[in-house]
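Below is input.json, which holds JSON, C-alpha atoms.
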[["chain", "number", "residue", "atom", "x", "y", "z"],
["Y", 1, "MET", "CA", 0.00, 0.00, 0.00],
["Y", 2, "ARG", "CA", 1.25, 3.40, -0.98],
["Y", 3, "PRO", "CA", 0.42, 6.72, 0.72],
["Y", 4, "VAL", "CA", -0.87, 9.61, -1.39],
["Y", 5, "GLU", "CA", -0.88, 13.18, -0.14],
["Y", 6, "LEU", "CA", -3.00, 15.91, -1.70],
["Y", 7, "ARG", "CA", -3.45, 19.57, -0.76],
["Y", 8, "PHE", "CA", -5.62, 22.13, -2.50],
["Y", 9, "THR", "CA", -6.28, 25.77, -1.60],
["Y", 10, "VAL", "CA", -8.79, 28.32, -2.79],
["Y", 11, "PRO", "CA", -9.26, 31.97, -1.81],
["Y", 12, "VAL", "CA", -12.78, 32.74, -0.60],
["Y", 13, "GLN", "CA", -14.36, 36.18, -0.34],
["Y", 14, "ALA", "CA", -16.15, 35.42, 2.92],
["Y", 15, "PRO", "CA", -15.15, 35.53, 6.58],
["Y", 16, "PRO", "CA", -13.94, 32.27, 8.20],
["Y", 17, "GLU", "CA", -17.18, 31.83, 10.13],
["Y", 18, "VAL", "CA", -19.17, 31.72, 6.89],
["Y", 19, "VAL", "CA", -16.63, 29.44, 5.19],
["Y", 20, "TRP", "CA", -16.78, 27.07, 8.17],
["Y", 21, "ALA", "CA", -20.59, 27.06, 8.19],
["Y", 22, "ALA", "CA", -20.70, 26.35, 4.44],
["Y", 23, "ALA", "CA", -18.05, 23.61, 4.64],
["Y", 24, "THR", "CA", -19.79, 21.83, 7.51],
["Y", 25, "ASP", "CA", -23.25, 22.04, 5.96],
["Y", 26, "TRP", "CA", -22.81, 18.35, 5.09],
["Y", 27, "ALA", "CA", -26.23, 17.93, 3.47],
["Y", 28, "ARG", "CA", -25.39, 20.64, 0.92],
["Y", 29, "GLN", "CA", -21.83, 19.53, 0.12],
["Y", 30, "GLY", "CA", -23.10, 17.93, -3.09],
["Y", 31, "GLU", "CA", -23.95, 21.41, -4.37],
["Y", 32, "TRP", "CA", -20.25, 22.17, -4.79],
["Y", 33, "MET", "CA", -18.33, 18.86, -4.54],
["Y", 34, "LEU", "CA", -18.31, 17.20, -7.93],
["Y", 35, "GLY", "CA", -20.19, 13.90, -7.99],
["Y", 36, "THR", "CA", -20.46, 13.59, -4.21],
["Y", 37, "GLU", "CA", -23.24, 13.42, -1.65],
["Y", 38, "VAL", "CA", -22.42, 13.56, 2.06],
["Y", 39, "HIS", "CA", -24.67, 12.21, 4.78],
["Y", 40, "ALA", "CA", -24.20, 12.83, 8.49],
["Y", 41, "VAL", "CA", -24.73, 9.71, 10.58],
["Y", 42, "GLY", "CA", -26.15, 11.02, 13.83],
["Y", 43, "GLY", "CA", -24.51, 14.21, 15.04],
["Y", 44, "ALA", "CA", -21.61, 15.26, 12.84],
["Y", 45, "ASP", "CA", -20.69, 18.47, 14.60],
["Y", 46, "GLY", "CA", -17.70, 17.43, 16.65],
["Y", 47, "PRO", "CA", -15.27, 14.64, 17.50],
["Y", 48, "GLY", "CA", -16.85, 11.23, 17.15],
["Y", 49, "GLY", "CA", -19.29, 12.45, 14.52],
["Y", 50, "ARG", "CA", -19.62, 10.21, 11.49],
["Y", 51, "LEU", "CA", -20.02, 11.02, 7.81],
["Y", 52, "VAL", "CA", -20.68, 8.87, 4.77],
["Y", 53, "ALA", "CA", -19.73, 10.30, 1.37],
["Y", 54, "VAL", "CA", -20.92, 8.64, -1.82],
["Y", 55, "THR", "CA", -18.91, 9.65, -4.88],
["Y", 56, "GLY", "CA", -19.51, 8.46, -8.40],
["Y", 57, "PHE", "CA", -20.58, 9.01, -11.98],
["Y", 58, "GLY", "CA", -22.66, 6.96, -14.38],
["Y", 59, "GLY", "CA", -23.52, 4.29, -11.85],
["Y", 60, "LEU", "CA", -19.89, 3.70, -10.82],
["Y", 61, "GLY", "CA", -18.57, 5.00, -7.54],
["Y", 62, "PHE", "CA", -17.52, 4.31, -4.01],
["Y", 63, "VAL", "CA", -18.48, 4.94, -0.40],
["Y", 64, "ASP", "CA", -16.16, 6.84, 1.92],
["Y", 65, "ARG", "CA", -16.87, 6.43, 5.64],
["Y", 66, "MET", "CA", -15.33, 9.02, 7.96],
["Y", 67, "GLU", "CA", -15.11, 9.83, 11.63],
["Y", 68, "ILE", "CA", -14.45, 13.37, 12.83],
["Y", 69, "VAL", "CA", -11.37, 13.36, 15.07],
["Y", 70, "GLU", "CA", -10.67, 17.09, 15.44],
["Y", 71, "TRP", "CA", -13.16, 19.97, 15.44],
["Y", 72, "GLN", "CA", -12.00, 23.55, 16.01],
["Y", 73, "PRO", "CA", -14.59, 25.97, 14.59],
["Y", 74, "PRO", "CA", -14.06, 28.05, 12.54],
["Y", 75, "GLN", "CA", -10.51, 26.89, 11.77],
["Y", 76, "ARG", "CA", -9.98, 23.16, 11.49],
["Y", 77, "CYS", "CA", -11.79, 19.88, 10.88],
["Y", 78, "ARG", "CA", -9.91, 16.55, 10.69],
["Y", 79, "VAL", "CA", -11.36, 13.18, 9.78],
["Y", 80, "GLU", "CA", -10.17, 9.60, 9.65],
["Y", 81, "HIS", "CA", -11.29, 7.69, 6.58],
["Y", 82, "VAL", "CA", -12.37, 4.34, 7.98],
["Y", 83, "GLY", "CA", -13.89, 2.59, 4.98],
["Y", 84, "GLU", "CA", -12.80, -0.45, 3.06],
["Y", 85, "LEU", "CA", -11.52, 1.42, 0.01],
["Y", 86, "VAL", "CA", -10.61, 4.85, 1.36],
["Y", 87, "VAL", "CA", -8.30, 4.73, 4.38],
["Y", 88, "GLY", "CA", -6.25, 7.55, 5.90],
["Y", 89, "ALA", "CA", -6.74, 11.08, 7.14],
["Y", 90, "GLY", "CA", -8.18, 14.24, 5.66],
["Y", 91, "GLY", "CA", -9.66, 17.54, 6.55],
["Y", 92, "PHE", "CA", -9.75, 21.22, 5.93],
["Y", 93, "ASP", "CA", -8.42, 24.42, 7.42],
["Y", 94, "VAL", "CA", -9.92, 27.89, 7.15],
["Y", 95, "VAL", "CA", -7.31, 30.65, 7.29],
["Y", 96, "ARG", "CA", -8.41, 34.24, 7.98],
["Y", 97, "CYS", "CA", -7.14, 36.71, 5.38],
["Y", 98, "GLY", "CA", -8.70, 39.90, 6.68],
["Y", 99, "ASN", "CA", -12.20, 40.65, 7.92],
["Y", 100, "ALA", "CA", -14.10, 39.32, 4.93],
["Y", 101, "ALA", "CA", -11.69, 36.94, 3.22],
["Y", 102, "SER", "CA", -10.32, 33.47, 3.88],
["Y", 103, "THR", "CA", -8.25, 30.73, 2.35],
["Y", 104, "PHE", "CA", -9.80, 27.28, 2.36],
["Y", 105, "VAL", "CA", -7.28, 24.42, 2.47],
["Y", 106, "TRP", "CA", -8.49, 20.88, 1.70],
["Y", 107, "TRP", "CA", -6.07, 18.02, 2.28],
["Y", 108, "GLU", "CA", -6.00, 14.23, 2.18],
["Y", 109, "ARG", "CA", -3.38, 11.69, 3.25],
["Y", 110, "LEU", "CA", -4.67, 8.38, 1.94],
["Y", 111, "THR", "CA", -3.30, 4.87, 1.82],
["Y", 112, "LEU", "CA", -4.27, 3.29, -1.47],
["Y", 113, "PRO", "CA", -4.79, -0.43, -1.88],
["Y", 114, "THR", "CA", -2.44, -2.04, -4.42],
["Y", 115, "GLY", "CA", -4.90, -1.95, -7.34],
["Y", 116, "ALA", "CA", -5.76, 1.71, -6.77],
["Y", 117, "ALA", "CA", -2.07, 2.59, -6.31],
["Y", 118, "LEU", "CA", -1.32, 1.08, -9.71],
["Y", 119, "ILE", "CA", -3.89, 3.22, -11.53],
["Y", 120, "TRP", "CA", -3.36, 6.37, -9.41],
["Y", 121, "PRO", "CA", -0.89, 7.97, -11.86],
["Y", 122, "VAL", "CA", -3.60, 7.78, -14.54],
["Y", 123, "VAL", "CA", -6.45, 8.88, -12.25],
["Y", 124, "ARG", "CA", -4.61, 11.69, -10.45],
["Y", 125, "PRO", "CA", -4.93, 14.37, -13.20],
["Y", 126, "ALA", "CA", -8.72, 13.87, -13.39],
["Y", 127, "PHE", "CA", -9.00, 13.85, -9.60],
["Y", 128, "THR", "CA", -6.94, 17.05, -9.37],
["Y", 129, "TRP", "CA", -9.10, 18.71, -12.03],
["Y", 130, "GLY", "CA", -12.25, 17.66, -10.16],
["Y", 131, "MET", "CA", -10.98, 18.99, -6.84],
["Y", 132, "ARG", "CA", -9.96, 22.32, -8.33],
["Y", 133, "ARG", "CA", -13.33, 22.64, -10.03],
["Y", 134, "SER", "CA", -15.12, 21.69, -6.80],
["Y", 135, "LEU", "CA", -13.18, 24.20, -4.72],
["Y", 136, "ALA", "CA", -13.84, 26.98, -7.22],
["Y", 137, "ALA", "CA", -17.53, 26.10, -6.89],
["Y", 138, "PHE", "CA", -17.11, 26.08, -3.09],
["Y", 139, "ALA", "CA", -15.75, 29.65, -3.14],
["Y", 140, "GLN", "CA", -18.87, 30.76, -5.05],
["Y", 141, "PHE", "CA", -21.09, 28.69, -2.73],
["Y", 142, "CYS", "CA", -19.57, 30.54, 0.27],
["Y", 143, "ARG", "CA", -20.28, 33.95, -1.26],
["Y", 144, "GLU", "CA", -23.92, 32.98, -1.84],
["Y", 145, "TYR", "CA", -24.11, 31.34, 1.60],
["Y", 146, "ASP", "CA", -22.90, 34.60, 3.14],
["Y", 147, "ARG", "CA", -25.42, 36.75, 1.23],
["Y", 148, "ARG", "CA", -28.48, 34.73, 2.19],
["Y", 149, "GLY", "CA", -27.26, 33.79, 5.66],
["Y", 150, "LYS", "CA", -27.20, 30.08, 4.73]]

Please re-express this file's structure in structure tokens.
Amino acid sequence: MRPVELRFTVPVQAPPEVVWAAATDWARQGEWMLGTEVHAVGGADGPGGRLVAVTGFGGLGFVDRMEIVEWQPPQRCRVEHVGELVVGAGGFDVVRCGNAASTFVWWERLTLPTGAALIWPVVRPAFTWGMRRSLAAFAQFCREYDRRGK
């Protein structure tokens, strides 16, 4: 098994409190995260909270089960991926860049099973494109979230 580390950042024209609220609005994550729906299992607003993300296209996809292990609003959320396919750590940080601006940092440190590790060099460019597209959509989502108060 081979570890893979990914880190993506996007500037957001919204204060950290709004960025945090938008990022942790799990039920609406599918509005900005390409091909993904997130479901909270019980309370998902602190350590021990559980999330299930379903990602896929055209009937093919996978389930990503996560447990929240660190929760520091409005700055940091860390999860452990505890599924069969996706294993490792991930999370996001919200960095204040003035009164009404932030930087959103999304990161993953995953251990890929052998089969996935073999195809990762082929899949990585598409994954990177999808994450960049999703985070650009997230920045817009935050601006709209801020304007309507949710």

Self-check item: Atom pair atom CA of Y:Val94 / atom CA of Y:Asp146: separation (Å)
Solution: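 Straight-line distance from atom CA of Y:Val94 to atom CA of Y:Asp146 works out to 15.2 Å.
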
Spatial neighbours of stretch 10-22 of chain Y, 6 Å, all atoms listed in the file, chain gap at least 6 places, as an mmCIF file with C-alpha atoms, keeping the file's coordinate frame:
data_model
loop_
_atom_site.group_PDB
_atom_site.id
_atom_site.type_symbol
_atom_site.label_atom_id
_atom_site.label_comp_id
_atom_site.auth_asym_id
_atom_site.auth_seq_id
_atom_site.Cartn_x
_atom_site.Cartn_y
_atom_site.Cartn_z
ATOM 1 C CA PRO Y 74 -14.060 28.050 12.540
ATOM 2 C CA ARG Y 96 -8.410 34.240 7.980
ATOM 3 C CA ALA Y 100 -14.100 39.320 4.930
ATOM 4 C CA ALA Y 101 -11.690 36.940 3.220
ATOM 5 C CA SER Y 102 -10.320 33.470 3.880
ATOM 6 C CA THR Y 103 -8.250 30.730 2.350
ATOM 7 C CA PHE Y 104 -9.800 27.280 2.360
ATOM 8 C CA ALA Y 139 -15.750 29.650 -3.140
ATOM 9 C CA CYS Y 142 -19.570 30.540 0.270
#

Quiz item: Closest to Y:Val4 among Y:Val86, Y:Ala23, Y:Met33, Y:Ala44, using all atoms listed in the file?
Solution: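 Looking at the shortest contact to Y:Val4, the residue is Y:Val86.
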
Exercise. Rank nothing, just name the residue among Y:Tyr145, Y:Ala27, Y:Val63, Y:Arg2 nearest to Y:Ile119, using all atoms listed in the file.
Key: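 Nearest to Y:Ile119: Y:Arg2.
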
Exercise. Write out as a PyMOL selection string the residues lying within 9 Å of Y:Phe8, counting all atoms listed in the file and excluding same-chain residues fewer than 6 positions away.
Key: chain Y and resi 104-107+128+131-132+135

Box for stretch 124-129 of chain Y: with edges along x, y and z, all listed atoms inside and 6 Å added on each side, what are the centre and edge lengths in Å to one decimal, as JSON?
{"center_x": -6.9, "center_y": 15.2, "center_z": -11.4, "size_x": 16.5, "size_y": 19.0, "size_z": 16.0}

Quiz item: With only C-alpha atoms as the basis for distance, which of Y:Val122, Y:Cys77, Y:Ala116, Y:Leu34 is at the shortest distance from Y:Gly48?
Solution: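 Result for the nearest residue to Y:Gly48: Y:Cys77.
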
Quiz item: From the set Y:Gly88, Y:Gly59, Y:Glu144, Y:Asp64, which residue has the shortest atom-to-atom contact distance to Y:Val38, counting all atoms listed in the file?
Solution: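 Looking only at the distances to Y:Val38, the closest residue turns out to be Y:Asp64.
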
Quiz item: Which of these residues is nearest to Y:Arg78, using all atoms listed in the file: Y:Gly30, Y:Gly90, Y:Gly56, Y:Pro47?
Solution: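 Closest to Y:Arg78 of all the choices is Y:Gly90.
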